[in-house]
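Dumped data-v5.csv below, it's CSV, C-alpha atoms:
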chain,number,residue,atom,x,y,z
A,1,MET,CA,59.5,55.0,-63.9
A,2,SER,CA,60.6,54.1,-67.3
A,3,GLY,CA,58.2,52.5,-69.8
A,4,ALA,CA,60.1,49.2,-69.9
A,5,ARG,CA,59.9,48.8,-66.1
A,6,ARG,CA,56.1,49.6,-66.1
A,7,GLU,CA,55.5,46.9,-68.7
A,8,SER,CA,57.3,44.3,-66.6
A,9,LEU,CA,55.2,45.2,-63.6
A,10,ARG,CA,52.0,44.9,-65.5
A,11,ASP,CA,53.0,41.4,-66.8
A,12,GLU,CA,53.5,40.1,-63.3
A,13,ARG,CA,50.2,41.3,-61.9
A,14,GLY,CA,47.9,38.5,-60.9
A,15,SER,CA,50.7,35.9,-60.4
A,16,VAL,CA,50.4,36.3,-56.6
A,17,LEU,CA,46.6,35.6,-56.9
A,18,ILE,CA,47.3,32.4,-58.8
A,19,LEU,CA,49.9,31.3,-56.3
A,20,GLY,CA,47.5,32.1,-53.5
A,21,ILE,CA,44.7,30.0,-55.1
A,22,GLY,CA,47.1,27.1,-55.6
A,23,MET,CA,48.2,27.2,-51.9
A,24,ILE,CA,44.5,27.2,-50.8
A,25,VAL,CA,43.8,24.2,-53.0
A,26,VAL,CA,46.9,22.3,-51.6
A,27,GLY,CA,45.8,23.2,-48.1
A,28,LEU,CA,42.3,22.0,-48.6
A,29,LEU,CA,43.6,18.7,-50.1
A,30,ALA,CA,45.9,18.2,-47.1
A,31,VAL,CA,43.0,18.8,-44.7
A,32,THR,CA,40.7,16.5,-46.7
A,33,VAL,CA,43.3,13.7,-46.6
A,34,THR,CA,44.1,14.2,-43.0
A,35,VAL,CA,40.4,14.1,-41.9
A,36,ASP,CA,39.7,11.0,-44.0
A,37,VAL,CA,42.8,9.1,-42.7
A,38,SER,CA,41.8,10.0,-39.2
A,39,ALA,CA,38.2,8.9,-39.7
A,40,ALA,CA,39.4,5.6,-41.1
A,41,PHE,CA,41.8,5.1,-38.2
A,42,LEU,CA,39.1,5.8,-35.6
A,43,GLN,CA,36.6,3.6,-37.3
A,44,ARG,CA,39.1,0.7,-37.4
A,45,ARG,CA,39.9,1.3,-33.7
A,46,ALA,CA,36.2,1.2,-32.8
A,47,LEU,CA,35.7,-2.0,-34.7
A,48,MET,CA,38.7,-3.6,-33.0
A,49,SER,CA,37.3,-2.6,-29.6
A,50,MET,CA,33.9,-4.2,-30.6
A,51,GLY,CA,35.7,-7.3,-31.8
A,52,ASP,CA,37.8,-7.6,-28.7
A,53,SER,CA,34.8,-7.3,-26.4
A,54,ALA,CA,32.8,-9.8,-28.5
A,55,ALA,CA,35.7,-12.3,-28.3
A,56,LEU,CA,35.9,-11.8,-24.5
A,57,ALA,CA,32.1,-12.5,-24.3
A,58,GLY,CA,32.7,-15.7,-26.2
A,59,ALA,CA,35.6,-16.7,-24.0
A,60,GLN,CA,33.3,-16.6,-21.0
A,61,SER,CA,31.0,-19.3,-22.5
A,62,ILE,CA,32.5,-22.2,-20.7
A,63,ASP,CA,31.2,-25.8,-20.8
A,64,LEU,CA,29.1,-25.6,-17.6
A,65,ASP,CA,28.7,-29.4,-17.3
A,66,SER,CA,32.4,-29.9,-17.3
A,67,TYR,CA,32.9,-26.9,-14.9
A,68,TYR,CA,30.4,-28.2,-12.4
A,69,ALA,CA,31.9,-31.7,-12.6
A,70,ASN,CA,35.6,-30.9,-12.4
A,71,GLY,CA,35.7,-27.3,-11.1
A,72,ALA,CA,37.8,-24.5,-12.5
A,73,SER,CA,40.9,-26.3,-13.9
A,74,VAL,CA,43.1,-26.5,-16.9
A,75,GLY,CA,40.5,-29.0,-18.3
A,76,THR,CA,37.8,-26.4,-18.4
A,77,ARG,CA,36.8,-25.8,-22.1
A,78,LEU,CA,34.6,-23.5,-24.1
A,79,ASN,CA,31.3,-24.8,-25.3
A,80,PRO,CA,31.3,-24.3,-29.1
A,81,ALA,CA,27.5,-24.2,-29.2
A,82,THR,CA,27.2,-21.2,-26.8
A,83,VAL,CA,30.4,-19.3,-28.0
A,84,SER,CA,28.7,-18.2,-31.2
A,85,ASP,CA,25.5,-17.3,-29.5
A,86,ALA,CA,27.3,-15.2,-26.8
A,87,VAL,CA,29.4,-13.4,-29.5
A,88,ARG,CA,26.3,-12.6,-31.6
A,89,ARG,CA,24.3,-11.5,-28.6
A,90,HIS,CA,27.1,-9.2,-27.5
A,91,LEU,CA,27.4,-7.7,-30.9
A,92,SER,CA,23.6,-7.1,-31.2
A,93,LEU,CA,23.7,-5.2,-28.0
A,94,ALA,CA,26.9,-3.2,-28.8
A,95,ARG,CA,26.1,-2.6,-32.5
A,96,GLY,CA,25.5,1.0,-33.4
A,97,THR,CA,24.0,2.3,-36.7
A,98,SER,CA,26.8,0.8,-38.9
A,99,GLU,CA,26.4,-2.2,-41.2
A,100,LEU,CA,28.4,-4.7,-39.2
A,101,THR,CA,29.1,-8.1,-40.8
A,102,VAL,CA,30.3,-11.1,-38.8
A,103,GLU,CA,32.6,-12.9,-41.1
A,104,GLY,CA,33.5,-15.7,-38.8
A,105,ILE,CA,33.4,-17.0,-35.2
A,106,THR,CA,35.7,-20.0,-34.5
A,107,THR,CA,36.9,-21.7,-31.3
A,108,ASP,CA,39.2,-24.6,-30.5
A,109,GLY,CA,37.8,-25.0,-27.0
A,110,VAL,CA,40.3,-22.6,-25.5
A,111,THR,CA,40.6,-19.6,-27.9
A,112,VAL,CA,37.8,-17.6,-29.6
A,113,ARG,CA,38.5,-15.8,-32.9
A,114,VAL,CA,36.0,-13.3,-34.2
A,115,GLN,CA,36.3,-11.7,-37.7
A,116,LEU,CA,34.2,-8.6,-38.3
A,117,SER,CA,33.9,-6.1,-41.1
A,118,GLU,CA,32.0,-3.0,-41.9
A,119,GLN,CA,31.8,-0.4,-44.7
A,120,LEU,CA,34.5,2.3,-44.5
A,121,GLU,CA,32.8,5.6,-44.0
A,122,LEU,CA,35.0,8.6,-45.0
A,123,PRO,CA,33.6,12.1,-44.6
A,124,PHE,CA,35.1,13.6,-47.8
A,125,LEU,CA,36.2,10.9,-50.2
A,126,GLY,CA,33.7,8.2,-49.1
A,127,ALA,CA,31.8,8.5,-52.4
A,128,LEU,CA,34.9,7.8,-54.3
A,129,HIS,CA,36.2,4.9,-52.2
A,130,SER,CA,34.1,1.9,-51.2
A,131,GLU,CA,36.2,-0.4,-49.1
A,132,ARG,CA,35.4,-2.5,-46.0
A,133,VAL,CA,37.3,-2.4,-42.8
A,134,ARG,CA,38.2,-6.0,-41.6
A,135,ILE,CA,39.5,-7.0,-38.2
A,136,GLU,CA,40.2,-10.2,-36.4
A,137,SER,CA,40.1,-10.4,-32.6
A,138,SER,CA,40.8,-13.3,-30.2
A,139,ALA,CA,40.4,-14.1,-26.6
A,140,ARG,CA,41.7,-17.1,-24.6
A,141,LEU,CA,40.1,-19.0,-21.8
A,142,ASP,CA,42.9,-19.5,-19.3
A,143,TYR,CA,42.5,-21.1,-15.9
A,144,ARG,CA,45.5,-21.3,-13.7
A,145,THR,CA,45.6,-23.6,-10.8
A,146,ALA,CA,46.5,-22.1,-7.4
A,147,PRO,CA,50.0,-22.9,-6.1
What is this file in structure tokens?
Amino acid sequence: MSGARRESLRDERGSVLILGIGMIVVGLLAVTVTVDVSAAFLQRRALMSMGDSAALAGAQSIDLDSYYANGASVGTRLNPATVSDAVRRHLSLARGTSELTVEGITTDGVTVRVQLSEQLELPFLGALHSERVRIESSARLDYRTAP
């Protein structure tokens, strides 16, 4: 080998190592982002499930006096006083270790709306990002008369 060619080979040594380190860093960042996005998606889905079940529990809180007087009919309504209690009771039984906040429970006599939030817990970037996951679920009391 000539001297000029040896010099060019020596100048290029180590460039593959730098490229390899860069690829590892990019790969680790991709894994970190993927894991955190997946964790956020799963946490939101679990909160939606909890909100849906709480809204259904509230939608079962019918006005018993009206029900016993008129039977199951279109006129059967939800009891606003017991809807909130039923939703909170259900959430206290279903709640895990997370910091769940009930932001609102509303009813119009037929539909129950439940708004929940909890702190977003990310495995890798959680210390850098403090946001809350917020959801709204609803359930409807619907009696249909038999034909």
Contacts of region 81-95 of chain A within 9 Å, only C-alpha atoms, excl. fewer than 4 positions in-chain, as a PDB file with C-alpha atoms, in the frame of the given file:
ATOM      1  CA  MET A  50      33.900  -4.200 -30.600  1.00  0.00           C
ATOM      2  CA  GLY A  51      35.700  -7.300 -31.800  1.00  0.00           C
ATOM      3  CA  SER A  53      34.800  -7.300 -26.400  1.00  0.00           C
ATOM      4  CA  ALA A  54      32.800  -9.800 -28.500  1.00  0.00           C
ATOM      5  CA  ALA A  55      35.700 -12.300 -28.300  1.00  0.00           C
ATOM      6  CA  LEU A  56      35.900 -11.800 -24.500  1.00  0.00           C
ATOM      7  CA  ALA A  57      32.100 -12.500 -24.300  1.00  0.00           C
ATOM      8  CA  GLY A  58      32.700 -15.700 -26.200  1.00  0.00           C
ATOM      9  CA  ALA A  59      35.600 -16.700 -24.000  1.00  0.00           C
ATOM     10  CA  GLN A  60      33.300 -16.600 -21.000  1.00  0.00           C
ATOM     11  CA  SER A  61      31.000 -19.300 -22.500  1.00  0.00           C
ATOM     12  CA  ILE A  62      32.500 -22.200 -20.700  1.00  0.00           C
ATOM     13  CA  ASP A  63      31.200 -25.800 -20.800  1.00  0.00           C
ATOM     14  CA  GLU A  99      26.400  -2.200 -41.200  1.00  0.00           C
ATOM     15  CA  LEU A 100      28.400  -4.700 -39.200  1.00  0.00           C
ATOM     16  CA  VAL A 102      30.300 -11.100 -38.800  1.00  0.00           C
ATOM     17  CA  ILE A 105      33.400 -17.000 -35.200  1.00  0.00           C
ATOM     18  CA  THR A 106      35.700 -20.000 -34.500  1.00  0.00           C
ATOM     19  CA  THR A 107      36.900 -21.700 -31.300  1.00  0.00           C
ATOM     20  CA  VAL A 112      37.800 -17.600 -29.600  1.00  0.00           C
ATOM     21  CA  VAL A 114      36.000 -13.300 -34.200  1.00  0.00           C
TER      22      VAL A 114
END
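Take the candidates A:Ser117, A:Gln43, A:Ser49, A:Thr76 and check each one against Ile135 (chain A) using all atoms listed in the file; the shortest distance goes to A:Ser117.
In this structure, CA of Arg132 (chain A) sits 11.3 Å away from CA of Leu47 (chain A).
The interatomic distance for the pair CA of Thr111 (chain A) and CA of Glu131 (chain A) works out to 28.9 Å.
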Which residues come within 12 Å of Phe41 (chain A), counting all atoms listed in the file, excluding same-chain residues fewer than 5 positions away, as a VMD selection string?
chain A and resid 34 to 36 46 to 48 120 to 122 133
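Separating CA of Arg44 (chain A) from CA of Arg134 (chain A) is a distance of 8.0 Å.
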Could you give me, as a ChimeraX atom specification, the residues that sit within 9 Å of (42.8, -18.3, -22.0) in the file's coordinates, counting only C-alpha atoms?
/A:59,110-111,139-143
Convert the current residue selection to file output with C-alpha atoms, as a PDB file, in the frame of the given file.
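Below is the file again11.pdb, written as the result:
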ATOM      1  CA  ALA A  59      35.600 -16.700 -24.000  1.00  0.00           C
ATOM      2  CA  VAL A 110      40.300 -22.600 -25.500  1.00  0.00           C
ATOM      3  CA  THR A 111      40.600 -19.600 -27.900  1.00  0.00           C
ATOM      4  CA  ALA A 139      40.400 -14.100 -26.600  1.00  0.00           C
ATOM      5  CA  ARG A 140      41.700 -17.100 -24.600  1.00  0.00           C
ATOM      6  CA  LEU A 141      40.100 -19.000 -21.800  1.00  0.00           C
ATOM      7  CA  ASP A 142      42.900 -19.500 -19.300  1.00  0.00           C
ATOM      8  CA  TYR A 143      42.500 -21.100 -15.900  1.00  0.00           C
TER       9      TYR A 143
END
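With distances restricted to all atoms listed in the file, A:Ala40 is the closest residue to Ser130 (chain A) from A:Ala40, A:Gly109, A:Leu64, A:Gly75.
Here the question is which of A:Glu136, A:Thr101, A:Asp108, A:Gly22 gets nearest to Leu78 (chain A) using all atoms listed in the file, and that residue is A:Asp108.
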